Amino acid sequence: MTLHSQLPIFTGMEHSSKGLGIVIRSERCKEADRLLTLFSPDSGLVRIISYGARKSVRAIKAPLYTEGTFSLERIGQSELWTIRDIDVISTHEGILSDLGRSMPASLFSELVITGRSADAALYSAYCRALDLLEDHEPESVAIAFIVVFLSLSGFIGDWESCPVCGMPYGDGEVLGFSSAEGVPVCHRCDTMASSLILPPNARRYVQRIQEVGLEDAMLLSVSPMQRHRIFRYFLRMLRLSYPGRLRSIESGIWDIFGEDDES
Ligand SMILES: [Zn+2]
């Protein structure tokens with residue numbers, strides 16, 4: 001299992017602490033115990049051991065994607081916590097039972113864990129994206145969350161000019177990709193011989209999402225085929241931006257290199 005050294009601890013250095021959070025990863029660690037990663041808007045990522053029933057009669061279960069106010073208790077002097085109580089806001093249970101929704105959700109979690117800043121703005125985007133996943137088309141939600149995530153991470157810019165050379169994109173310009181920088185770039189800075197491109201209409205759709213935000217992005221009009229192409233573009237892009245770190249993409253569940261389906 002992967003432990004992330006940059007994980008901060010829950011607010012307050014005391015033996016107990018209480019705050020808002022959402023379970024973004026749940027891994028088995030010993031027979032019945034689970035290692036949870038809690039995303040807190042105030043404290044970032046917090047590691048929690050959820051003991052199986054055999055160890056504690058009052059074991060509190062916190063399934064993946066449970067959002068609520070968590071009362072935590074520190075385990076000895078460690079940076080690990082255990083759950084004393086949860087005041088549940090949402091369980092997002094519609095996500096876990098549906099692979100088409102749970103896969104994007106697990107990608108969102110990996111992006112949060114891999115990304116630079118697990119802060120309050122990203123917390124809000126993550127929780128709202130899970131809410132949207134419960135009753136919107138999963139690819140639309142995934143595209144919108146990825147666009148917001150890239151915007152918050154700050155290394156893509158505004159999709160108006162090339163983040164490498166600074167040149168404004170032309171109206172009809174097809175964006176390429178810089179494998180060295182891990183970002184979409186102008187055609188002059190493309191290092192991938194046009195093998196990962198974003199056409200102008202797709203770029204305008206992405207820009208609109210960035211302008212209107214997650215919820216209103218669900219109202220933007222886009223054909224299912226165009227949406228699917230952009231979705232696949234982002235999966236291929238993220239795989240290059242975060243090499244080897246996004247298991248949900250590496251797992252091969254999504255067909256990201258196949259030919260476009262013809263309508
Ligand atoms: Zn450039």
# chains A, B, ... in the order shown; residues from 1 in each chain; ligands from 1
call {"tool": "closest_atom_pairs", "arguments": {"of": "chain A", "to": "ligand 1", "cutoff": "10 Å", "atoms": "only C-alpha atoms and all ligand atoms", "output": "Markdown table"}}
result
| residue | atom | partner | partner_atom_place_in_ligand_line | distance |
| --- | --- | --- | --- | --- |
| A:Ser161 | CA | ligand 1 | 1 (Zn) | 7.8 |
| A:Cys162 | CA | ligand 1 | 1 (Zn) | 4.6 |
| A:Pro163 | CA | ligand 1 | 1 (Zn) | 6.7 |
| A:Val164 | CA | ligand 1 | 1 (Zn) | 5.1 |
| A:Cys165 | CA | ligand 1 | 1 (Zn) | 4.0 |
| A:Gly166 | CA | ligand 1 | 1 (Zn) | 6.1 |
| A:Met167 | CA | ligand 1 | 1 (Zn) | 5.9 |
| A:Pro168 | CA | ligand 1 | 1 (Zn) | 8.4 |
| A:Tyr169 | CA | ligand 1 | 1 (Zn) | 8.5 |
| A:Leu175 | CA | ligand 1 | 1 (Zn) | 9.2 |
| A:Gly176 | CA | ligand 1 | 1 (Zn) | 9.0 |
| A:Phe177 | CA | ligand 1 | 1 (Zn) | 9.5 |
| A:Ser178 | CA | ligand 1 | 1 (Zn) | 9.0 |
| A:Pro184 | CA | ligand 1 | 1 (Zn) | 9.0 |
| A:Val185 | CA | ligand 1 | 1 (Zn) | 5.3 |
| A:Cys186 | CA | ligand 1 | 1 (Zn) | 4.3 |
| A:His187 | CA | ligand 1 | 1 (Zn) | 6.7 |
| A:Arg188 | CA | ligand 1 | 1 (Zn) | 5.5 |
| A:Cys189 | CA | ligand 1 | 1 (Zn) | 4.3 |
| A:Asp190 | CA | ligand 1 | 1 (Zn) | 7.5 |
call {"tool": "write_last_selection", "arguments": {"atoms": "N, CA and C atoms", "output": "PDB file, in the first residue's frame"}}
result
ATOM      1  N   SER A 161      -3.599  30.748 -24.032  1.00  0.00           N
ATOM      2  CA  SER A 161      -2.245  30.887 -24.551  1.00  0.00           C
ATOM      3  C   SER A 161      -1.397  29.709 -24.080  1.00  0.00           C
ATOM      4  N   CYS A 162      -0.333  29.474 -24.818  1.00  0.00           N
ATOM      5  CA  CYS A 162       0.521  28.311 -24.567  1.00  0.00           C
ATOM      6  C   CYS A 162       1.282  28.471 -23.240  1.00  0.00           C
ATOM      7  N   PRO A 163       1.162  27.493 -22.308  1.00  0.00           N
ATOM      8  CA  PRO A 163       1.855  27.625 -21.016  1.00  0.00           C
ATOM      9  C   PRO A 163       3.379  27.520 -21.141  1.00  0.00           C
ATOM     10  N   VAL A 164       3.892  27.073 -22.293  1.00  0.00           N
ATOM     11  CA  VAL A 164       5.342  26.948 -22.459  1.00  0.00           C
ATOM     12  C   VAL A 164       5.944  28.213 -23.078  1.00  0.00           C
ATOM     13  N   CYS A 165       5.416  28.645 -24.251  1.00  0.00           N
ATOM     14  CA  CYS A 165       6.026  29.805 -24.919  1.00  0.00           C
ATOM     15  C   CYS A 165       5.241  31.099 -24.692  1.00  0.00           C
ATOM     16  N   GLY A 166       4.026  30.983 -24.142  1.00  0.00           N
ATOM     17  CA  GLY A 166       3.245  32.181 -23.827  1.00  0.00           C
ATOM     18  C   GLY A 166       2.472  32.765 -25.007  1.00  0.00           C
ATOM     19  N   MET A 167       2.616  32.187 -26.208  1.00  0.00           N
ATOM     20  CA  MET A 167       1.916  32.724 -27.380  1.00  0.00           C
ATOM     21  C   MET A 167       0.422  32.439 -27.282  1.00  0.00           C
ATOM     22  N   PRO A 168      -0.419  33.467 -27.584  1.00  0.00           N
ATOM     23  CA  PRO A 168      -1.867  33.215 -27.608  1.00  0.00           C
ATOM     24  C   PRO A 168      -2.201  32.202 -28.696  1.00  0.00           C
ATOM     25  N   TYR A 169      -3.174  31.326 -28.408  1.00  0.00           N
ATOM     26  CA  TYR A 169      -3.602  30.364 -29.418  1.00  0.00           C
ATOM     27  C   TYR A 169      -4.401  31.080 -30.489  1.00  0.00           C
ATOM     28  N   LEU A 175      -4.326  22.267 -30.596  1.00  0.00           N
ATOM     29  CA  LEU A 175      -3.282  22.190 -29.573  1.00  0.00           C
ATOM     30  C   LEU A 175      -2.564  20.854 -29.626  1.00  0.00           C
ATOM     31  N   GLY A 176      -1.285  20.906 -29.359  1.00  0.00           N
ATOM     32  CA  GLY A 176      -0.486  19.692 -29.223  1.00  0.00           C
ATOM     33  C   GLY A 176      -0.207  19.433 -27.751  1.00  0.00           C
ATOM     34  N   PHE A 177       0.842  18.678 -27.479  1.00  0.00           N
ATOM     35  CA  PHE A 177       1.148  18.325 -26.095  1.00  0.00           C
ATOM     36  C   PHE A 177       2.656  18.310 -25.911  1.00  0.00           C
ATOM     37  N   SER A 178       3.100  18.838 -24.762  1.00  0.00           N
ATOM     38  CA  SER A 178       4.523  18.785 -24.436  1.00  0.00           C
ATOM     39  C   SER A 178       4.754  17.656 -23.450  1.00  0.00           C
ATOM     40  N   PRO A 184      -0.916  20.550 -22.350  1.00  0.00           N
ATOM     41  CA  PRO A 184      -1.256  20.918 -23.717  1.00  0.00           C
ATOM     42  C   PRO A 184      -0.541  22.230 -24.074  1.00  0.00           C
ATOM     43  N   VAL A 185      -0.081  22.303 -25.310  1.00  0.00           N
ATOM     44  CA  VAL A 185       0.706  23.467 -25.751  1.00  0.00           C
ATOM     45  C   VAL A 185       0.314  23.847 -27.177  1.00  0.00           C
ATOM     46  N   CYS A 186       0.865  24.959 -27.656  1.00  0.00           N
ATOM     47  CA  CYS A 186       0.622  25.393 -29.029  1.00  0.00           C
ATOM     48  C   CYS A 186       1.306  24.416 -29.997  1.00  0.00           C
ATOM     49  N   HIS A 187       0.949  24.540 -31.293  1.00  0.00           N
ATOM     50  CA  HIS A 187       1.481  23.567 -32.260  1.00  0.00           C
ATOM     51  C   HIS A 187       3.001  23.660 -32.388  1.00  0.00           C
ATOM     52  N   ARG A 188       3.576  24.850 -32.113  1.00  0.00           N
ATOM     53  CA  ARG A 188       5.033  24.990 -32.221  1.00  0.00           C
ATOM     54  C   ARG A 188       5.763  24.252 -31.091  1.00  0.00           C
ATOM     55  N   CYS A 189       5.125  24.181 -29.918  1.00  0.00           N
ATOM     56  CA  CYS A 189       5.771  23.534 -28.760  1.00  0.00           C
ATOM     57  C   CYS A 189       5.430  22.046 -28.649  1.00  0.00           C
ATOM     58  N   ASP A 190       4.599  21.542 -29.568  1.00  0.00           N
ATOM     59  CA  ASP A 190       4.196  20.127 -29.547  1.00  0.00           C
ATOM     60  C   ASP A 190       5.418  19.219 -29.661  1.00  0.00           C
TER      61      ASP A 190
END
call {"tool": "residues_around", "arguments": {"residues": "Ser109 in chain A", "least_positions_apart": "4", "cutoff": "7 Å", "atoms": "only C-alpha atoms", "output": "list of chain:residue names"}}
result
A:Ile24, A:Arg25, A:Ala105, A:Ile113
call {"tool": "residues_around", "arguments": {"residues": "range 242-258 of chain A", "least_positions_apart": "2", "cutoff": "8 Å", "atoms": "only C-alpha atoms", "output": "mmCIF file with N, CA and C atoms, in the first residue's frame"}}
result
data_model
loop_
_atom_site.group_PDB
_atom_site.id
_atom_site.type_symbol
_atom_site.label_atom_id
_atom_site.label_comp_id
_atom_site.auth_asym_id
_atom_site.auth_seq_id
_atom_site.Cartn_x
_atom_site.Cartn_y
_atom_site.Cartn_z
ATOM 1 N N MET A 103 -15.650 4.278 -11.273
ATOM 2 C CA MET A 103 -14.332 4.476 -11.900
ATOM 3 C C MET A 103 -13.944 5.956 -11.974
ATOM 4 N N SER A 106 -13.028 7.100 -8.541
ATOM 5 C CA SER A 106 -11.709 6.681 -8.058
ATOM 6 C C SER A 106 -10.597 7.471 -8.760
ATOM 7 N N LEU A 107 -10.825 7.865 -10.017
ATOM 8 C CA LEU A 107 -9.870 8.771 -10.677
ATOM 9 C C LEU A 107 -9.810 10.130 -9.957
ATOM 10 N N GLU A 110 -7.679 9.768 -6.944
ATOM 11 C CA GLU A 110 -6.253 9.675 -7.274
ATOM 12 C C GLU A 110 -5.679 11.036 -7.641
ATOM 13 N N LEU A 111 -6.476 11.837 -8.348
ATOM 14 C CA LEU A 111 -6.000 13.178 -8.703
ATOM 15 C C LEU A 111 -5.791 14.013 -7.442
ATOM 16 N N THR A 114 -2.663 12.659 -5.726
ATOM 17 C CA THR A 114 -1.448 12.892 -6.507
ATOM 18 C C THR A 114 -1.144 14.375 -6.678
ATOM 19 N N GLY A 182 4.278 18.055 -19.599
ATOM 20 C CA GLY A 182 3.042 17.363 -19.215
ATOM 21 C C GLY A 182 1.794 18.196 -19.385
ATOM 22 N N ARG A 232 -11.700 10.938 -23.562
ATOM 23 C CA ARG A 232 -10.537 10.097 -23.836
ATOM 24 C C ARG A 232 -9.259 10.923 -23.962
ATOM 25 N N TYR A 233 -9.388 12.101 -24.533
ATOM 26 C CA TYR A 233 -8.244 13.016 -24.619
ATOM 27 C C TYR A 233 -7.686 13.279 -23.220
ATOM 28 N N LEU A 235 -8.038 11.511 -20.457
ATOM 29 C CA LEU A 235 -7.432 10.332 -19.826
ATOM 30 C C LEU A 235 -6.011 10.122 -20.360
ATOM 31 N N ARG A 236 -5.863 10.278 -21.668
ATOM 32 C CA ARG A 236 -4.518 10.100 -22.246
ATOM 33 C C ARG A 236 -3.581 11.201 -21.756
ATOM 34 N N LEU A 238 -3.800 12.930 -18.875
ATOM 35 C CA LEU A 238 -3.461 12.751 -17.456
ATOM 36 C C LEU A 238 -2.448 11.628 -17.268
ATOM 37 N N ARG A 239 -2.569 10.594 -18.113
ATOM 38 C CA ARG A 239 -1.634 9.480 -18.038
ATOM 39 C C ARG A 239 -0.204 9.971 -18.315
ATOM 40 N N LEU A 240 -0.081 10.960 -19.190
ATOM 41 C CA LEU A 240 1.237 11.534 -19.491
ATOM 42 C C LEU A 240 1.652 12.573 -18.454
ATOM 43 N N ASP A 260 -12.021 6.149 -32.846
ATOM 44 C CA ASP A 260 -13.300 6.788 -32.569
ATOM 45 C C ASP A 260 -14.436 5.968 -33.161
#
call {"tool": "residues_around", "arguments": {"residues": "Gly68 in chain A", "least_positions_apart": "5", "cutoff": "8 Å", "atoms": "only C-alpha atoms", "output": "list of chain:residue names"}}
result
A:Leu20, A:Gly21, A:Ile22, A:Ile86, A:Asp87, A:Val88, A:Ile89, A:Ser90
call {"tool": "select_by_dssp", "arguments": {"residues": "range 11-181 of chain A", "states": "helix (DSSP H, G or I)", "output": "number ranges by chain"}}
result
A: 93-96, 99-114, 120-133, 138-153
call {"tool": "closest_atom_pairs", "arguments": {"of": "range 43-159 of chain A", "to": "range 201-215 of chain A", "cutoff": "9 Å", "atoms": "only C-alpha atoms", "output": "JSON lines"}}
result
{"residue": "A:Ala125", "atom": "CA", "partner": "A:Leu214", "partner_atom": "CA", "distance": 7.5}
{"residue": "A:Arg128", "atom": "CA", "partner": "A:Leu214", "partner_atom": "CA", "distance": 7.7}
{"residue": "A:Ala129", "atom": "CA", "partner": "A:Leu214", "partner_atom": "CA", "distance": 7.1}
{"residue": "A:Leu132", "atom": "CA", "partner": "A:Glu215", "partner_atom": "CA", "distance": 7.5}
{"residue": "A:Val141", "atom": "CA", "partner": "A:Leu214", "partner_atom": "CA", "distance": 7.6}
{"residue": "A:Ile143", "atom": "CA", "partner": "A:Val206", "partner_atom": "CA", "distance": 8.3}
{"residue": "A:Ala144", "atom": "CA", "partner": "A:Leu214", "partner_atom": "CA", "distance": 5.7}
{"residue": "A:Phe145", "atom": "CA", "partner": "A:Leu214", "partner_atom": "CA", "distance": 6.7}
{"residue": "A:Val147", "atom": "CA", "partner": "A:Gln210", "partner_atom": "CA", "distance": 6.4}
{"residue": "A:Val148", "atom": "CA", "partner": "A:Gln210", "partner_atom": "CA", "distance": 6.3}
{"residue": "A:Ser151", "atom": "CA", "partner": "A:Gln210", "partner_atom": "CA", "distance": 7.3}
{"residue": "A:Asp158", "atom": "CA", "partner": "A:Gln207", "partner_atom": "CA", "distance": 7.3}
{"residue": "A:Trp159", "atom": "CA", "partner": "A:Gln207", "partner_atom": "CA", "distance": 6.4}
call {"tool": "residues_around", "arguments": {"residues": "Asp119 in chain A", "least_positions_apart": "2", "cutoff": "7 Å", "atoms": "only C-alpha atoms", "output": "list in words"}}
result
Pro41, Asp42, Gly44, Ser117, Ala121, Leu122 and Tyr123 of chain A
call {"tool": "write_last_selection", "arguments": {"atoms": "C-alpha atoms", "output": "tab-separated table (two decimals), in the first residue's frame"}}
result
chain	number	residue	atom	x	y	z
A	41	PRO	CA	-11.00	21.06	3.68
A	42	ASP	CA	-8.92	22.39	6.60
A	44	GLY	CA	-5.82	18.16	3.57
A	117	SER	CA	-2.91	21.05	-3.13
A	121	ALA	CA	-11.39	24.75	-3.05
A	122	LEU	CA	-10.50	21.27	-4.29
A	123	TYR	CA	-12.52	19.72	-1.45
call {"tool": "select_by_dssp", "arguments": {"residues": "range 78-163 of chain A", "states": "strand (DSSP E or B)", "output": "PyMOL selection string"}}
result
chain A and resi 81-90+161
call {"tool": "closest_residue", "arguments": {"among": "A:Ala120, A:Met237, A:Val23, A:Ala217", "to": "Tyr65 in chain A", "atoms": "only C-alpha atoms"}}
result
A:Val23
call {"tool": "atom_distance", "arguments": {"atom1": "CA of Glu139 in chain A", "atom2": "CA of Ser194 in chain A"}}
result
23.9 Å
call {"tool": "closest_residue", "arguments": {"among": "A:Trp81, A:Gln226, A:Ile60, A:Arg74", "to": "Leu38 in chain A", "atoms": "only C-alpha atoms"}}
result
A:Trp81
